Amino acid sequence: MLLFYHFGKYLLFLKGMFTKPEKFRVYWERTLHEMSNIGIGSLAIVAIIAIFQGAVTTLQIAYQLISPLVANPVIGSIVSDSSILELAPTITCLVLAGKVGSHIASEIGTMRVTEQIDALEIMGINSAGFVALPKIIAGIVMVPMLIIISIFLSNVGGIIAGQASGILTPDEFIQGARDTFRTFNLIFSLIKAFTYAFIITSVSCYYGYYTEGGALEVGTSSTRAVVYSAVLILFSDYLLSQLLL
Amino acid sequence: MIELVNIRKSFEGKEVLKGISTSLEPGKTNLIIGASGSGKSVMMKCMVGLLRPEEGSIYYDNRDFLGLDDKEVREIRREIGMLFQGTALFDSNTVQENIEFPLKMFTNMTAKERLDRVNFCLEQVHMQGINKRYPAEISGGMKKRVGIARAIAMDIKYLFCDEPNSGLDPVTSRVIDELLLEITQEFKITTIINTHDMKTVFDIGDKIIFIYEGQKWWEGNRADVKIANNKELKAFIDASQF
């Protein structure tokens, strides 16, 4: 029952958020600020994860596949397709759920417990729209960009690891990646990125917005935001794969 | 004029407001007093729409506040300023950004006009020259004054103050009281103050409403408070004397 209660409340929260902004320019400025926070602020961690993800996947695929009967470029094609289809969008977004989600939930939760959200309401501002909408839009714009960067760096990591370990040359890796590349895979990856971005930002905003109590509850909201975002990402990963592949 | 008719509010089956009816005097300082947990904060939150009572009506100049849609409620709220107990300043913004925030949201003022208005508001609360400081860099009393400055940035008709003296030393408390009185008189606004500070009551209270266990137990002016023949009110006043 609690699940339905929260789901209904979440839908009402989203409905309440989408109203005409009081002042478009202020919302626009906030959205740009959030885009910088989410996008630029997450670039380093995304890059590190992507490079090592590509490198490790290359080594593990090689460990399992190396044989005189398997051509080296196959390793490149598997690493590249895995990065596009699953590793870059899902793993990156699980990490972003932790980084961005907890930040959003704790920021909004703190605003709630220190009455800053009440202050917005008293001023006649749609507080849900004001605090959440710029973050959700920023997430939907920036997360797919991060995923594209992640896919690229994942392949770079694979090339570096392949070359450094002497398993395959960069040319072989790129040849494999190009041989099996399908545009739809990239589109599928971006559909995932949009979906995950919406889940991370909206779920975190929801838990932050409905925080009640003090510092302890802000921490609880932050944890819940991360956990539920991660679970919903995995659930929607399965659902999208089932529907679109 | 704000009028409350039979306001009832419960939390998890416990009735906190038990049918409160009263009216607030326009252009005056209206004080809601009572012990902690008596329901005065809940009453104020109902008045500004942060809580919705289960029963009763609230009228702002004969407009039924509880019967309005969200858009109309927001229109009325633009006539309201509020000083929160914890000040509720936006901590990532400077003092200037805090005060000019409602101006940015609801007016078409230029940056220069907004700055002039911010400086005017800071002057009203005797806090000139702190525009660029962050809330974390100023004292509790200064935060309260900035909170008042933000509340009066727009042309408001009603100023709500939730425990404006809480956490302040007696000297700063008197400064805040004087400021609230000055602002009420100068801008001819209706000020509603939640407090349990009897010094505030005797210094600036035009109308006093005593809330006891969720009910309006007594109302009158500050001269009547001292001679009121009401056991609970007397006990409350006596407990505040030292």
# chains A, B, ... in the order shown; residues from 1 in each chain; ligands from 1
call {"tool": "residues_around", "arguments": {"residues": "stretch 196-204 of chain B", "least_positions_apart": "5", "cutoff": "10 Å", "atoms": "only C-alpha atoms", "output": "tab-separated table (two decimals) with C-alpha atoms, in the first residue's frame"}}
result
chain	number	residue	atom	x	y	z
B	28	LYS	CA	-1.97	47.19	13.85
B	29	THR	CA	0.33	44.70	15.54
B	30	ASN	CA	-1.69	41.61	16.38
B	31	LEU	CA	0.00	39.26	18.81
B	32	ILE	CA	-0.86	35.60	19.18
B	33	ILE	CA	0.46	34.43	22.51
B	34	GLY	CA	0.44	31.12	24.32
B	35	ALA	CA	2.64	28.41	25.71
B	36	SER	CA	4.70	26.12	23.49
B	40	LYS	CA	-0.28	29.28	17.80
B	163	GLU	CA	8.56	33.88	17.08
B	164	PRO	CA	10.69	36.81	15.89
B	165	ASN	CA	12.58	36.96	19.21
B	166	SER	CA	13.43	33.30	19.60
B	170	PRO	CA	16.98	40.64	25.37
B	173	SER	CA	14.81	41.25	20.97
B	174	ARG	CA	13.80	44.81	21.82
B	176	ILE	CA	13.45	43.61	16.58
B	177	ASP	CA	10.24	44.60	18.42
B	178	GLU	CA	10.86	48.27	17.70
B	180	LEU	CA	8.37	45.57	13.68
B	181	LEU	CA	6.42	48.40	15.25
B	182	GLU	CA	8.12	51.01	13.06
B	210	PHE	CA	-4.24	34.21	23.96
B	221	ASN	CA	-5.59	44.97	24.04
B	222	ARG	CA	-2.35	45.32	25.97
B	223	ALA	CA	-3.89	47.47	28.68
B	225	VAL	CA	-3.89	41.98	29.55
B	226	LYS	CA	-2.61	43.09	32.95
B	236	PHE	CA	1.03	32.55	31.69
B	237	ILE	CA	1.88	36.18	32.48
B	238	ASP	CA	3.07	35.36	35.99
B	239	ALA	CA	5.36	32.64	34.65
B	240	SER	CA	6.97	35.26	32.39
B	241	GLN	CA	7.71	37.72	35.22
call {"tool": "select_by_dssp", "arguments": {"residues": "stretch 27-216 of chain B", "states": "strand (DSSP E or B)", "output": "MDAnalysis selection string"}}
result
chainID B and resid 29:33 55:60 63:64 80:83 158:162 190:195 207:212 215:216
call {"tool": "interface_residues", "arguments": {"of": "chain A", "to": "chain B", "cutoff": "7 Å", "atoms": "only C-alpha atoms", "output": "list in words"}}
result
Glu22, Lys23, Thr114, Glu115, Gln116, Ala119, Ile122, Met123, Gly124 and Ile125 of chain A
call {"tool": "residues_around", "arguments": {"residues": "stretch 217-234 of chain A", "least_positions_apart": "6", "cutoff": "6 Å", "atoms": "only C-alpha atoms", "output": "list in words"}}
result
Leu94, Ala97, Gly98, Gly101, Ser102, Ala105, Ser106, Gly109, Tyr196, Ile200, Ser204, Tyr207 and Gly208 of chain A
call {"tool": "residues_around", "arguments": {"residues": "stretch 3-16 of chain B", "least_positions_apart": "4", "cutoff": "7 Å", "atoms": "only C-alpha atoms", "output": "list of chain:residue names"}}
result
B:Ile20, B:Ser21, B:Thr22, B:Ser23, B:Leu24, B:Gly39, B:Pro53, B:Glu54, B:Glu55, B:Gly56, B:Ser57, B:Ile58, B:Tyr59, B:Tyr60, B:Gly214
call {"tool": "atom_distance", "arguments": {"atom1": "atom CA of A:Ile174", "atom2": "atom CA of A:Gly76"}}
result
6.5 Å
call {"tool": "closest_residue", "arguments": {"among": "A:Phe130, A:Tyr63, A:Phe181, A:Tyr238", "to": "A:Gly162", "atoms": "only C-alpha atoms"}}
result
A:Tyr63
call {"tool": "closest_residue", "arguments": {"among": "B:Lys112, B:Val118, B:Asp224, B:Leu179", "to": "B:Lys144", "atoms": "only C-alpha atoms"}}
result
B:Leu179
call {"tool": "residues_around", "arguments": {"residues": "A:Phe13", "least_positions_apart": "2", "cutoff": "12 Å", "atoms": "only C-alpha atoms", "output": "NGL selection string"}}
result
:A and (6-11 or 15-19 or 126-129 or 131-133 or 202-210)
call {"tool": "decode", "arguments": {"residues": "stretch 77-167 of chain B", "atoms": "C-alpha atoms", "output": "short mmCIF file (atom, residue, chain, number, x, y, z; two decimals), in the first residue's frame"}}
result
data_model
loop_
_atom_site.label_atom_id
_atom_site.label_comp_id
_atom_site.auth_asym_id
_atom_site.auth_seq_id
_atom_site.Cartn_x
_atom_site.Cartn_y
_atom_site.Cartn_z
CA ARG B 77 0.40 35.44 -0.95
CA ARG B 78 2.09 38.20 -2.88
CA GLU B 79 0.43 40.56 -0.39
CA ILE B 80 2.03 38.61 2.44
CA GLY B 81 5.50 38.81 3.91
CA MET B 82 6.69 36.36 6.50
CA LEU B 83 9.53 36.29 8.98
CA PHE B 84 10.21 32.68 9.89
CA GLN B 85 11.46 31.47 13.25
CA GLY B 86 14.69 30.26 11.64
CA THR B 87 14.65 33.22 9.17
CA ALA B 88 14.54 30.84 6.14
CA LEU B 89 17.05 32.93 4.21
CA PHE B 90 18.41 31.21 1.10
CA ASP B 91 21.82 30.23 2.38
CA SER B 92 23.48 29.97 -1.03
CA ASN B 93 22.51 33.58 -1.82
CA THR B 94 23.93 36.83 -0.50
CA VAL B 95 21.87 39.22 1.60
CA GLN B 96 21.24 41.33 -1.51
CA GLU B 97 20.17 38.32 -3.58
CA ASN B 98 17.83 37.22 -0.79
CA ILE B 99 16.09 40.58 -0.62
CA GLU B 100 15.88 41.13 -4.36
CA PHE B 101 14.61 37.60 -5.00
CA PRO B 102 10.86 38.44 -4.83
CA LEU B 103 11.52 41.57 -6.90
CA LYS B 104 13.21 39.49 -9.59
CA MET B 105 10.36 37.01 -9.59
CA PHE B 106 7.39 39.35 -9.63
CA THR B 107 8.44 42.73 -10.98
CA ASN B 108 10.01 44.08 -14.12
CA MET B 109 12.40 46.33 -12.22
CA THR B 110 15.84 46.96 -13.69
CA ALA B 111 18.95 45.85 -11.79
CA LYS B 112 19.49 49.45 -10.64
CA GLU B 113 15.90 49.78 -9.39
CA ARG B 114 16.18 46.48 -7.57
CA LEU B 115 19.44 47.55 -5.93
CA ASP B 116 17.81 50.80 -4.81
CA ARG B 117 14.91 48.88 -3.33
CA VAL B 118 17.27 46.44 -1.57
CA ASN B 119 19.22 49.33 -0.08
CA PHE B 120 15.98 51.01 1.00
CA CYS B 121 14.80 47.83 2.74
CA LEU B 122 18.17 47.34 4.43
CA GLU B 123 18.02 50.95 5.58
CA GLN B 124 14.58 50.32 7.08
CA VAL B 125 16.05 47.56 9.23
CA HIS B 126 19.24 49.54 9.96
CA MET B 127 21.46 47.05 8.15
CA GLN B 128 23.11 49.08 5.40
CA GLY B 129 26.30 47.83 3.80
CA ILE B 130 25.91 44.08 4.25
CA ASN B 131 24.66 43.42 0.70
CA LYS B 132 27.45 41.05 -0.28
CA ARG B 133 27.52 38.97 2.88
CA TYR B 134 26.06 35.47 3.10
CA PRO B 135 23.56 34.46 5.81
CA ALA B 136 26.21 32.22 7.39
CA GLU B 137 28.43 35.29 7.87
CA ILE B 138 25.97 37.34 9.93
CA SER B 139 24.57 36.98 13.47
CA GLY B 140 21.14 35.68 14.44
CA GLY B 141 19.78 39.17 15.09
CA MET B 142 21.10 40.41 11.74
CA LYS B 143 19.50 37.44 9.99
CA LYS B 144 16.15 38.35 11.54
CA ARG B 145 16.50 41.90 10.28
CA VAL B 146 17.44 40.69 6.80
CA GLY B 147 14.40 38.40 7.00
CA ILE B 148 12.23 41.45 7.74
CA ALA B 149 13.88 43.35 4.88
CA ARG B 150 13.08 40.48 2.50
CA ALA B 151 9.51 40.33 3.77
CA ILE B 152 8.93 44.03 3.04
CA ALA B 153 10.76 44.07 -0.32
CA MET B 154 7.41 43.80 -2.11
CA ASP B 155 4.54 46.12 -1.26
CA ILE B 156 2.92 43.82 1.25
CA LYS B 157 -0.30 44.27 3.21
CA TYR B 158 0.30 41.62 5.85
CA LEU B 159 3.45 40.74 7.76
CA PHE B 160 3.50 37.43 9.63
CA CYS B 161 6.26 36.83 12.17
CA ASP B 162 6.75 33.44 13.77
CA GLU B 163 8.56 33.88 17.08
CA PRO B 164 10.69 36.81 15.89
CA ASN B 165 12.58 36.96 19.21
CA SER B 166 13.43 33.30 19.60
CA GLY B 167 17.12 32.69 20.13
#
